[in-house]
>>> print(open('protein_38.csv').read())   # CSV, C-alpha atoms
chain,number,residue,atom,x,y,z
A,198,ARG,CA,0.0,0.0,0.0
A,199,ALA,CA,1.3,3.4,-0.9
A,200,SER,CA,2.2,5.5,2.1
A,201,GLY,CA,2.5,9.2,2.7
A,202,ALA,CA,0.0,11.9,3.0
A,203,ALA,CA,-2.4,12.4,0.2
A,204,ASN,CA,-2.7,16.1,0.3
A,205,GLY,CA,-2.9,16.6,-3.4
A,206,ALA,CA,-5.5,18.5,-5.3
A,207,GLU,CA,-9.0,18.2,-4.0
A,208,ALA,CA,-11.6,16.7,-6.3
A,209,SER,CA,-13.6,19.5,-7.9
A,210,ALA,CA,-17.4,19.1,-7.7
A,211,SER,CA,-18.3,22.6,-8.9
A,212,LYS,CA,-18.3,21.7,-12.6
A,213,SER,CA,-21.6,21.7,-14.5
A,214,GLY,CA,-23.3,18.3,-14.7
A,215,ARG,CA,-25.6,16.0,-12.9
A,216,THR,CA,-25.5,16.0,-9.1
A,217,PRO,CA,-27.4,12.9,-8.0
A,218,ALA,CA,-29.6,12.4,-5.0
A,219,ARG,CA,-27.7,11.4,-1.9
A,220,ALA,CA,-27.3,7.6,-1.5
A,221,SER,CA,-28.6,7.8,2.0
A,222,GLY,CA,-31.8,9.3,0.6
A,223,ALA,CA,-33.1,6.1,-0.9
A,224,THR,CA,-36.8,5.6,-1.2
A,225,LYS,CA,-38.4,4.2,1.9
A,226,GLU,CA,-40.4,1.0,1.8
A,227,GLY,CA,-43.8,0.4,3.3
A,228,THR,CA,-46.0,2.7,5.3
A,229,SER,CA,-45.7,3.7,8.9
A,230,ARG,CA,-47.4,2.9,12.1
A,231,ARG,CA,-45.3,5.4,13.9
A,232,LYS,CA,-42.6,7.9,13.2
A,233,SER,CA,-39.1,6.7,13.7
A,234,GLY,CA,-37.8,10.2,14.4
A,235,ALA,CA,-34.6,9.3,12.5
A,236,GLN,CA,-35.2,11.5,9.5
A,237,PRO,CA,-33.6,14.9,9.6
A,238,ASP,CA,-36.7,16.6,8.2
A,239,GLY,CA,-38.9,14.8,10.7
A,240,ASP,CA,-41.5,14.1,8.0
A,241,ALA,CA,-40.7,10.6,6.8
A,242,GLU,CA,-42.1,7.6,8.5
A,243,VAL,CA,-41.0,3.9,8.7
A,244,ASP,CA,-43.0,0.8,9.4
A,245,GLU,CA,-40.9,-0.9,12.1
A,246,PHE,CA,-42.9,-4.1,11.6
A,247,ASP,CA,-42.2,-4.4,7.9
A,248,LEU,CA,-38.5,-3.4,7.5
A,249,LYS,CA,-36.6,-4.9,4.6
A,250,PRO,CA,-32.7,-5.0,4.6
A,251,ARG,CA,-31.0,-2.5,2.4
A,252,ARG,CA,-27.4,-1.8,1.4
A,253,LEU,CA,-25.7,-0.5,4.5
A,254,GLU,CA,-25.1,3.1,3.4
A,255,GLN,CA,-28.8,3.3,2.4
A,256,CYS,CA,-29.7,2.9,6.1
A,257,PHE,CA,-28.1,6.2,7.0
A,258,GLY,CA,-30.6,8.8,8.1
A,259,GLU,CA,-33.2,6.0,8.6
A,260,ASN,CA,-34.8,4.1,11.4
A,261,ALA,CA,-32.1,2.7,13.7
A,262,LEU,CA,-33.6,-0.8,13.6
A,263,LEU,CA,-33.1,-0.8,9.8
A,264,LEU,CA,-29.3,-0.6,10.2
A,265,SER,CA,-29.3,-3.6,12.6
A,266,ILE,CA,-31.4,-5.7,10.3
A,267,SER,CA,-29.3,-4.8,7.3
A,268,ILE,CA,-26.1,-5.7,9.1
A,269,ASP,CA,-27.5,-9.1,9.9
A,270,SER,CA,-28.4,-9.5,6.2
A,271,PHE,CA,-24.9,-8.4,5.2
A,272,LEU,CA,-23.3,-11.0,7.5
A,273,GLU,CA,-25.4,-13.7,6.0
A,274,ARG,CA,-24.1,-12.7,2.5
A,275,TYR,CA,-20.6,-12.7,4.0
A,276,SER,CA,-21.0,-16.3,5.2
A,277,ALA,CA,-22.1,-17.3,1.7
A,278,ASP,CA,-19.4,-15.4,-0.2
A,279,GLY,CA,-16.7,-13.6,1.8
A,280,ALA,CA,-14.9,-11.8,-1.1
A,281,ALA,CA,-18.1,-10.5,-2.6
A,282,ALA,CA,-19.3,-9.2,0.8
A,283,VAL,CA,-16.0,-7.4,1.4
A,284,LEU,CA,-16.3,-5.7,-2.0
A,285,GLU,CA,-19.9,-4.8,-1.1
A,286,LEU,CA,-18.7,-3.1,2.1
A,287,ALA,CA,-16.0,-1.3,0.2
A,288,THR,CA,-18.6,-0.1,-2.3
A,289,SER,CA,-20.9,1.1,0.6
A,290,LEU,CA,-18.1,3.2,1.9
A,291,MET,CA,-17.5,4.8,-1.5
A,292,ASN,CA,-21.2,5.5,-1.9
A,293,ALA,CA,-21.3,7.0,1.6
A,294,SER,CA,-18.4,9.3,0.5
A,295,GLY,CA,-20.5,11.0,-2.1
A,296,LEU,CA,-19.8,8.7,-5.1
A,297,PRO,CA,-23.2,7.0,-5.4
A,298,ASP,CA,-22.4,5.1,-8.6
A,299,ALA,CA,-19.1,3.7,-7.5
A,300,SER,CA,-19.1,-0.1,-7.5
A,301,LEU,CA,-16.7,-3.0,-6.8
A,302,THR,CA,-17.5,-6.6,-7.7
A,303,ILE,CA,-15.7,-9.9,-8.2
A,304,ALA,CA,-16.1,-9.4,-12.0
A,305,ASP,CA,-13.7,-6.4,-11.8
A,306,ALA,CA,-10.8,-8.9,-11.1
A,307,ASP,CA,-9.2,-11.3,-13.5
A,308,VAL,CA,-8.7,-13.9,-10.9
A,309,ASP,CA,-11.0,-16.4,-9.2
A,310,ASP,CA,-9.4,-17.2,-5.8
A,311,GLU,CA,-11.0,-15.2,-3.0
A,312,GLU,CA,-7.7,-14.0,-1.5
A,313,GLU,CA,-6.4,-13.1,-4.9
A,314,VAL,CA,-9.6,-11.2,-5.8
A,315,LEU,CA,-9.2,-9.0,-2.7
A,316,GLU,CA,-5.5,-8.5,-3.3
A,317,ALA,CA,-6.2,-7.3,-6.8
A,318,LEU,CA,-9.1,-4.9,-5.9
A,319,ILE,CA,-8.5,-3.6,-2.4
A,320,THR,CA,-5.8,-1.2,-3.4
A,321,ASN,CA,-5.0,2.5,-3.7
A,322,ASN,CA,-5.2,2.3,-7.5
A,323,THR,CA,-8.7,0.8,-7.4
A,324,CYS,CA,-9.9,3.6,-5.1
A,325,GLU,CA,-8.5,6.3,-7.3
A,326,ARG,CA,-9.9,4.6,-10.4
A,327,LEU,CA,-13.4,4.8,-8.9
A,328,VAL,CA,-12.8,8.5,-8.0
A,329,ASP,CA,-11.6,9.3,-11.5
A,330,GLU,CA,-14.5,7.5,-13.1
A,331,ALA,CA,-16.9,9.5,-11.0
A,332,GLN,CA,-15.2,12.8,-11.9
A,333,GLU,CA,-15.2,11.9,-15.6
A,334,ARG,CA,-18.9,11.1,-15.6
A,335,MET,CA,-19.6,14.0,-13.2
A,336,ILE,CA,-21.6,11.8,-10.9
A,337,PHE,CA,-20.9,12.7,-7.3
A,338,VAL,CA,-22.7,14.4,-4.5
A,339,GLU,CA,-21.7,18.0,-3.6
A,340,PRO,CA,-21.3,18.8,-0.8
A,341,TYR,CA,-20.2,15.2,0.1
A,342,PRO,CA,-22.4,13.7,2.9
A,343,LEU,CA,-20.1,14.4,5.8
A,344,ALA,CA,-19.7,18.0,4.7
A,345,ASP,CA,-23.4,18.7,4.3
A,346,LYS,CA,-24.3,21.4,6.9
A,347,LYS,CA,-27.9,20.1,7.3
A,348,THR,CA,-27.3,16.4,7.6
A,349,GLY,CA,-23.6,15.9,8.0
A,350,LYS,CA,-23.7,15.3,11.8
A,351,ARG,CA,-26.4,12.7,11.4
A,352,HIS,CA,-24.4,11.0,8.6
A,353,LEU,CA,-21.3,10.9,10.9
A,354,LYS,CA,-23.4,9.4,13.7
A,355,ASP,CA,-24.8,6.7,11.5
A,356,LEU,CA,-21.4,6.0,10.0
A,357,THR,CA,-20.0,5.5,13.5
A,358,ALA,CA,-23.0,3.4,14.5
A,359,LEU,CA,-22.4,1.1,11.5
A,360,TRP,CA,-18.9,0.1,12.6
A,361,ARG,CA,-19.7,-0.2,16.3
A,362,GLN,CA,-22.7,-2.5,15.5
A,363,LEU,CA,-20.7,-4.5,12.9
A,364,ILE,CA,-17.9,-5.1,15.4
A,365,ASP,CA,-20.4,-6.0,18.2
A,366,LYS,CA,-22.3,-8.4,16.1
A,367,THR,CA,-19.2,-10.2,14.9
A,368,GLN,CA,-17.1,-10.2,18.1
A,369,HIS,CA,-17.7,-13.9,18.8
A,370,GLU,CA,-16.5,-15.3,15.4
A,371,VAL,CA,-16.2,-13.2,12.2
A,372,LEU,CA,-14.3,-10.4,13.9
A,373,PHE,CA,-11.3,-12.8,14.3
A,374,ASP,CA,-11.5,-14.7,11.0
A,375,GLY,CA,-8.6,-12.8,9.5
A,376,VAL,CA,-10.5,-11.8,6.4
A,377,LEU,CA,-13.3,-9.3,6.8
A,378,PHE,CA,-11.8,-6.6,9.0
A,379,PRO,CA,-8.2,-6.8,7.9
A,380,TRP,CA,-9.4,-6.2,4.3
A,381,VAL,CA,-11.8,-3.5,5.3
A,382,ILE,CA,-9.0,-1.7,7.2
A,383,GLU,CA,-6.9,-2.0,4.1
A,384,TRP,CA,-9.6,-0.3,2.0
A,385,MET,CA,-10.1,2.5,4.6
A,386,CYS,CA,-6.4,3.2,4.4
A,387,ALA,CA,-6.7,3.4,0.6
A,388,MET,CA,-9.6,5.8,0.9
A,389,SER,CA,-7.7,7.9,3.4
A,390,GLN,CA,-5.0,8.4,0.7
A,391,SER,CA,-7.5,9.7,-1.9
A,392,LYS,CA,-7.2,13.1,-3.6
A,393,HIS,CA,-11.0,13.4,-3.2
A,394,ARG,CA,-11.7,15.1,0.0
A,395,GLY,CA,-15.0,13.3,0.7
A,396,VAL,CA,-13.5,9.9,0.1
A,397,ARG,CA,-10.5,10.8,2.3
A,398,HIS,CA,-12.6,12.2,5.1
A,399,THR,CA,-15.1,9.3,5.1
A,400,GLY,CA,-12.4,6.7,5.0
A,401,THR,CA,-10.7,8.4,8.0
A,402,GLU,CA,-13.9,8.8,10.0
A,403,ALA,CA,-14.8,5.1,9.4
A,404,GLY,CA,-11.3,4.0,10.3
A,405,MET,CA,-11.2,6.0,13.5
A,406,ALA,CA,-14.7,4.7,14.6
A,407,LEU,CA,-13.4,1.1,13.9
A,408,MET,CA,-10.2,1.7,15.8
A,409,VAL,CA,-12.0,3.2,18.9
A,410,ARG,CA,-14.4,0.3,19.2
A,411,MET,CA,-11.8,-2.3,18.7
A,412,THR,CA,-9.6,-0.7,21.4
A,413,GLU,CA,-12.6,-0.7,23.8
A,414,LEU,CA,-13.3,-4.3,23.0
A,415,ALA,CA,-9.6,-5.3,23.6
A,416,VAL,CA,-9.8,-3.7,27.0
A,417,GLU,CA,-13.0,-5.7,27.8
A,418,LEU,CA,-11.4,-8.9,26.7
A,419,ALA,CA,-8.3,-8.2,28.8
A,420,THR,CA,-10.6,-7.6,31.9
A,421,GLN,CA,-12.4,-10.9,31.3
A,422,ALA,CA,-9.2,-12.8,30.8
A,423,THR,CA,-7.8,-11.5,34.1
A,424,ALA,CA,-11.0,-12.4,36.0
A,425,LYS,CA,-11.1,-15.9,34.6
A,426,GLN,CA,-7.4,-16.4,35.4
A,427,ARG,CA,-8.1,-15.5,39.0
A,428,GLN,CA,-10.9,-18.0,39.1
A,429,ALA,CA,-8.7,-20.7,37.7
A,430,SER,CA,-6.0,-20.1,40.3
A,431,LYS,CA,-8.3,-20.3,43.3
A,432,PRO,CA,-7.7,-23.4,45.3
A,433,GLY,CA,-10.6,-25.7,46.0
A,434,LYS,CA,-12.6,-24.3,43.1
A,435,LYS,CA,-15.9,-26.2,42.5
A,436,GLY,CA,-15.4,-28.6,39.6
A,437,GLY,CA,-11.7,-29.3,40.5
A,438,ALA,CA,-9.0,-29.8,37.9
A,439,GLY,CA,-11.6,-30.1,35.1
A,440,MET,CA,-13.0,-26.7,35.7
A,441,ALA,CA,-9.6,-25.1,36.1
A,442,ALA,CA,-8.6,-26.6,32.7
A,443,ILE,CA,-11.7,-25.1,31.0
A,444,LEU,CA,-11.0,-21.7,32.6
A,445,LYS,CA,-7.4,-21.8,31.3
A,446,GLU,CA,-8.6,-22.6,27.8
A,447,GLU,CA,-11.0,-19.7,28.0
A,448,VAL,CA,-8.3,-17.4,29.2
A,449,GLN,CA,-6.1,-18.5,26.3
A,450,ARG,CA,-8.9,-17.8,23.8
A,451,LEU,CA,-9.6,-14.4,25.2
A,452,GLN,CA,-5.9,-13.5,25.1
A,453,GLN,CA,-5.6,-14.7,21.5
A,454,ASN,CA,-8.6,-12.5,20.5
A,455,GLU,CA,-7.1,-9.6,22.4
A,456,THR,CA,-3.9,-9.9,20.4
A,457,ALA,CA,-5.8,-10.1,17.1
A,458,LEU,CA,-7.7,-6.9,18.0
A,459,GLU,CA,-4.4,-5.2,19.0
A,460,GLU,CA,-2.9,-6.1,15.6
A,461,MET,CA,-5.9,-4.6,13.7
A,462,VAL,CA,-5.9,-1.5,15.9
A,463,THR,CA,-2.2,-1.1,15.1
A,464,ALA,CA,-2.9,-1.5,11.4
A,465,ALA,CA,-5.6,1.2,11.6
A,466,PHE,CA,-3.4,3.5,13.7
A,467,THR,CA,-0.3,3.3,11.4
A,468,GLY,CA,-2.3,3.3,8.1
A,469,LEU,CA,-4.8,5.9,9.0
A,470,PHE,CA,-4.0,8.0,12.0
A,471,VAL,CA,-0.3,8.4,11.4
A,472,GLU,CA,-1.0,9.4,7.7
A,473,ARG,CA,-3.9,11.7,8.3
A,474,TYR,CA,-3.4,13.5,11.6
A,475,ARG,CA,-1.5,16.2,9.7
A,476,ASP,CA,-4.0,16.3,6.7
A,477,ARG,CA,-4.6,19.7,5.1
A,478,ALA,CA,-8.3,19.3,5.8
A,479,GLU,CA,-9.2,20.5,9.3
A,480,GLU,CA,-12.1,18.0,9.7
A,481,VAL,CA,-9.8,15.1,8.9
A,482,ARG,CA,-7.2,16.2,11.5
A,483,ALA,CA,-10.0,16.7,14.0
A,484,SER,CA,-11.3,13.1,13.4
A,485,CYS,CA,-7.9,11.6,14.1
A,486,LEU,CA,-7.2,13.7,17.3
A,487,SER,CA,-10.7,13.0,18.6
A,488,ALA,CA,-10.2,9.3,18.2
A,489,LEU,CA,-6.8,9.4,19.9
A,490,GLY,CA,-8.4,11.1,22.9
A,491,ARG,CA,-10.9,8.3,23.2
A,492,VAL,CA,-8.4,5.4,23.1
A,493,MET,CA,-5.8,6.9,25.4
>>> encode(input="protein_38.csv", output="structure tokens")
Amino acid sequence: RASGAANGAEASASKSGRTPARASGATKEGTSRRKSGAQPDGDAEVDEFDLKPRRLEQCFGENALLLSISIDSFLERYSADGAAAVLELATSLMNASGLPDASLTIADADVDDEEEVLEALITNNTCERLVDEAQERMIFVEPYPLADKKTGKRHLKDLTALWRQLIDKTQHEVLFDGVLFPWVIEWMCAMSQSKHRGVRHTGTEAGMALMVRMTELAVELATQATAKQRQASKPGKKGGAGMAAILKEEVQRLQQNETALEEMVTAAFTGLFVERYRDRAEEVRASCLSALGRVM
């Protein structure tokens, strides 16, 4: 992955051409039995008993339950086809950056193996290709979602909620499979190097949200491991040697997961924070420093 600050020319969105509807403003499904209160304008309603999963970025600005349902649906797709789901998540991040037509699929790669597909597509070059294509076709949102004065704060809140929920829902298995999150972090790093301010800002905010939640979870696992270690070392513990052995195995599992989290946090810190805390854009610098304050 190319390193170094990507403080080149900002992508221009002031040219004449089509400015599409925001990806988070997708048409809502069903009618409402009560207002969700999630819409910035306060007028839209969502039927909480008839919610259908959507693409993750399409849940922003919507009912909170919709995001949870959509994450569950995404994880089912991940179980069926890991590479395709990783690319779907990368696409969602690009769409949430203000490039609503950006898309990554397995068909974009000339290889078949899952690992090779991701190695071929989760790169800085791929990210910049998507940005260049959006600029050539003049299909991008201006201002980009995080910079929108009316809905930007809500967009950031939902972007943060996405990563916190995704980590929480996967913490017992998928989080430690060595595929989904390492590749997602790699893509966030690529986005954070982009010349397009919206892509760079969104990639950084997402990466910082992920880094903060992983750090919190690592602390939780360390606390659990310490408690179980004390239990295992107590003499006369009910269950005898058998229970002590079970507790020791649990301690080992918790410590292994803690180590895996620390490795991912380190990857996010070196690939995102170190590169972006001196970014020319004030909001990008602020994102990094805010995250640092929460993990220290």
>>> atom_distance(input="protein_38.csv", atom1="atom CA of A:Cys324", atom2="atom CA of A:Thr399")
12.8 Å
>>> residues_near_point(input="protein_38.csv", point="(-21.7, -5.8, 15.3)", cutoff="12 Å", atoms="all atoms listed in the file", output="JSON, numbers by chain")
{"A": [264, 265, 266, 267, 268, 269, 270, 271, 272, 357, 358, 359, 360, 361, 362, 363, 364, 365, 366, 367, 368, 369, 370, 371, 372, 378, 407, 410, 411, 414]}
>>> closest_residue(input="protein_38.csv", among="A:Leu356, A:Ala277, A:Met461, A:Leu486", to="A:Ala261", atoms="all atoms listed in the file")
A:Leu356
>>> closest_residue(input="protein_38.csv", among="A:Thr420, A:Thr320, A:Thr412, A:Thr401", to="A:Thr463", atoms="all atoms listed in the file")
A:Thr412
>>> atom_distance(input="protein_38.csv", atom1="atom CA of A:Glu455", atom2="atom CA of A:Lys425")
14.3 Å
>>> closest_residue(input="protein_38.csv", among="A:Leu301, A:Ala457, A:Leu315, A:Ala344", to="A:Asp374", atoms="all atoms listed in the file")
A:Ala457
>>> atom_distance(input="protein_38.csv", atom1="atom CA of A:Ala488", atom2="atom CA of A:Leu451")
24.7 Å
>>> residues_around(input="protein_38.csv", residues="stretch 345-354 of chain A", least_positions_apart="4", cutoff="8 Å", atoms="only C-alpha atoms", output="VMD selection string")
chain A and resid 237 257 to 258 340 to 341 358 402
>>> closest_residue(input="protein_38.csv", among="A:Ala280, A:Ala438, A:Val396, A:Ala317", to="A:Ala299", atoms="all atoms listed in the file")
A:Val396
>>> closest_residue(input="protein_38.csv", among="A:Leu458, A:Met440, A:Ala306, A:Leu290", to="A:Val416", atoms="all atoms listed in the file")
A:Leu458
>>> closest_residue(input="protein_38.csv", among="A:Met291, A:Asp310, A:Met335, A:Ser389", to="A:Asp476", atoms="only C-alpha atoms")
A:Ser389
>>> residues_around(input="protein_38.csv", residues="stretch 386-388 of chain A", least_positions_apart="2", cutoff="7 Å", atoms="only C-alpha atoms", output="list in words")
Thr320, Asn321, Cys324, Ile382, Glu383, Trp384, Gln390, Ser391, Val396, Arg397, Gly400, Gly468 and Leu469 of chain A
>>> residues_around(input="protein_38.csv", residues="A:Leu284", least_positions_apart="2", cutoff="6 Å", atoms="all atoms listed in the file", output="short mmCIF file (atom, residue, chain, number, x, y, z; two decimals) with C-alpha atoms, in the coordinates of the input")
data_model
loop_
_atom_site.label_atom_id
_atom_site.label_comp_id
_atom_site.auth_asym_id
_atom_site.auth_seq_id
_atom_site.Cartn_x
_atom_site.Cartn_y
_atom_site.Cartn_z
CA ALA A 281 -18.10 -10.50 -2.60
CA ALA A 282 -19.30 -9.20 0.80
CA LEU A 286 -18.70 -3.10 2.10
CA ALA A 287 -16.00 -1.30 0.20
CA LEU A 301 -16.70 -3.00 -6.80
CA THR A 302 -17.50 -6.60 -7.70
#
>>> decode(input="protein_38.csv", residues="stretch 257-288 of chain A", atoms="N, CA and C atoms", output="compact mmCIF listing (two decimals), in the first residue's frame")
# COMPACT_ATOMS: atom_id res chain seq x y z
N PHE A 257 -28.42 5.00 6.36
CA PHE A 257 -28.07 6.25 7.03
C PHE A 257 -29.23 7.23 6.94
N GLY A 258 -29.54 7.84 8.08
CA GLY A 258 -30.64 8.78 8.12
C GLY A 258 -31.99 8.11 8.26
N GLU A 259 -31.98 6.79 8.45
CA GLU A 259 -33.24 6.04 8.56
C GLU A 259 -33.46 5.54 9.98
N ASN A 260 -34.48 4.72 10.13
CA ASN A 260 -34.80 4.11 11.41
C ASN A 260 -33.61 3.29 11.92
N ALA A 261 -33.27 3.39 13.19
CA ALA A 261 -32.11 2.70 13.75
C ALA A 261 -32.21 1.19 13.61
N LEU A 262 -33.42 0.64 13.71
CA LEU A 262 -33.60 -0.79 13.60
C LEU A 262 -33.23 -1.28 12.20
N LEU A 263 -33.44 -0.44 11.20
CA LEU A 263 -33.13 -0.83 9.82
C LEU A 263 -31.65 -1.15 9.67
N LEU A 264 -30.78 -0.39 10.31
CA LEU A 264 -29.35 -0.64 10.22
C LEU A 264 -29.00 -2.00 10.81
N SER A 265 -29.58 -2.32 11.96
CA SER A 265 -29.30 -3.60 12.60
C SER A 265 -29.74 -4.76 11.71
N ILE A 266 -30.93 -4.65 11.14
CA ILE A 266 -31.45 -5.70 10.26
C ILE A 266 -30.57 -5.85 9.02
N SER A 267 -30.14 -4.73 8.49
CA SER A 267 -29.32 -4.76 7.27
C SER A 267 -27.93 -5.33 7.54
N ILE A 268 -27.38 -5.08 8.73
CA ILE A 268 -26.09 -5.67 9.09
C ILE A 268 -26.22 -7.18 9.19
N ASP A 269 -27.30 -7.65 9.79
CA ASP A 269 -27.54 -9.09 9.89
C ASP A 269 -27.61 -9.72 8.49
N SER A 270 -28.30 -9.04 7.59
CA SER A 270 -28.42 -9.54 6.22
C SER A 270 -27.06 -9.55 5.53
N PHE A 271 -26.27 -8.50 5.76
CA PHE A 271 -24.92 -8.45 5.18
C PHE A 271 -24.07 -9.61 5.68
N LEU A 272 -24.15 -9.93 6.97
CA LEU A 272 -23.34 -11.01 7.52
C LEU A 272 -23.75 -12.37 6.96
N GLU A 273 -25.01 -12.51 6.62
CA GLU A 273 -25.44 -13.74 5.95
C GLU A 273 -24.80 -13.84 4.57
N ARG A 274 -24.74 -12.72 3.87
CA ARG A 274 -24.09 -12.72 2.54
C ARG A 274 -22.59 -12.97 2.69
N TYR A 275 -22.02 -12.46 3.76
CA TYR A 275 -20.59 -12.69 3.99
C TYR A 275 -20.32 -14.17 4.23
N SER A 276 -21.19 -14.83 4.96
CA SER A 276 -21.03 -16.27 5.21
C SER A 276 -21.09 -17.06 3.91
N ALA A 277 -21.90 -16.58 2.96
CA ALA A 277 -22.06 -17.28 1.69
C ALA A 277 -20.92 -17.00 0.72
N ASP A 278 -20.42 -15.78 0.70
CA ASP A 278 -19.36 -15.38 -0.24
C ASP A 278 -18.56 -14.24 0.37
N GLY A 279 -17.48 -14.57 1.04
CA GLY A 279 -16.71 -13.59 1.77
C GLY A 279 -16.15 -12.47 0.91
N ALA A 280 -15.54 -12.82 -0.22
CA ALA A 280 -14.92 -11.80 -1.09
C ALA A 280 -15.95 -10.83 -1.62
N ALA A 281 -17.08 -11.36 -2.08
CA ALA A 281 -18.14 -10.50 -2.62
C ALA A 281 -18.66 -9.54 -1.55
N ALA A 282 -18.78 -10.03 -0.32
CA ALA A 282 -19.29 -9.19 0.76
C ALA A 282 -18.28 -8.10 1.14
N VAL A 283 -17.00 -8.43 1.14
CA VAL A 283 -15.98 -7.42 1.43
C VAL A 283 -16.04 -6.30 0.39
N LEU A 284 -16.19 -6.68 -0.88
CA LEU A 284 -16.28 -5.69 -1.95
C LEU A 284 -17.57 -4.87 -1.83
N GLU A 285 -18.63 -5.52 -1.37
CA GLU A 285 -19.89 -4.79 -1.14
C GLU A 285 -19.70 -3.74 -0.06
N LEU A 286 -18.98 -4.09 1.00
CA LEU A 286 -18.74 -3.15 2.08
C LEU A 286 -17.85 -2.00 1.61
N ALA A 287 -16.87 -2.32 0.78
CA ALA A 287 -16.01 -1.28 0.21
C ALA A 287 -16.83 -0.34 -0.67
N THR A 288 -17.75 -0.90 -1.43
CA THR A 288 -18.63 -0.10 -2.28
C THR A 288 -19.51 0.82 -1.43
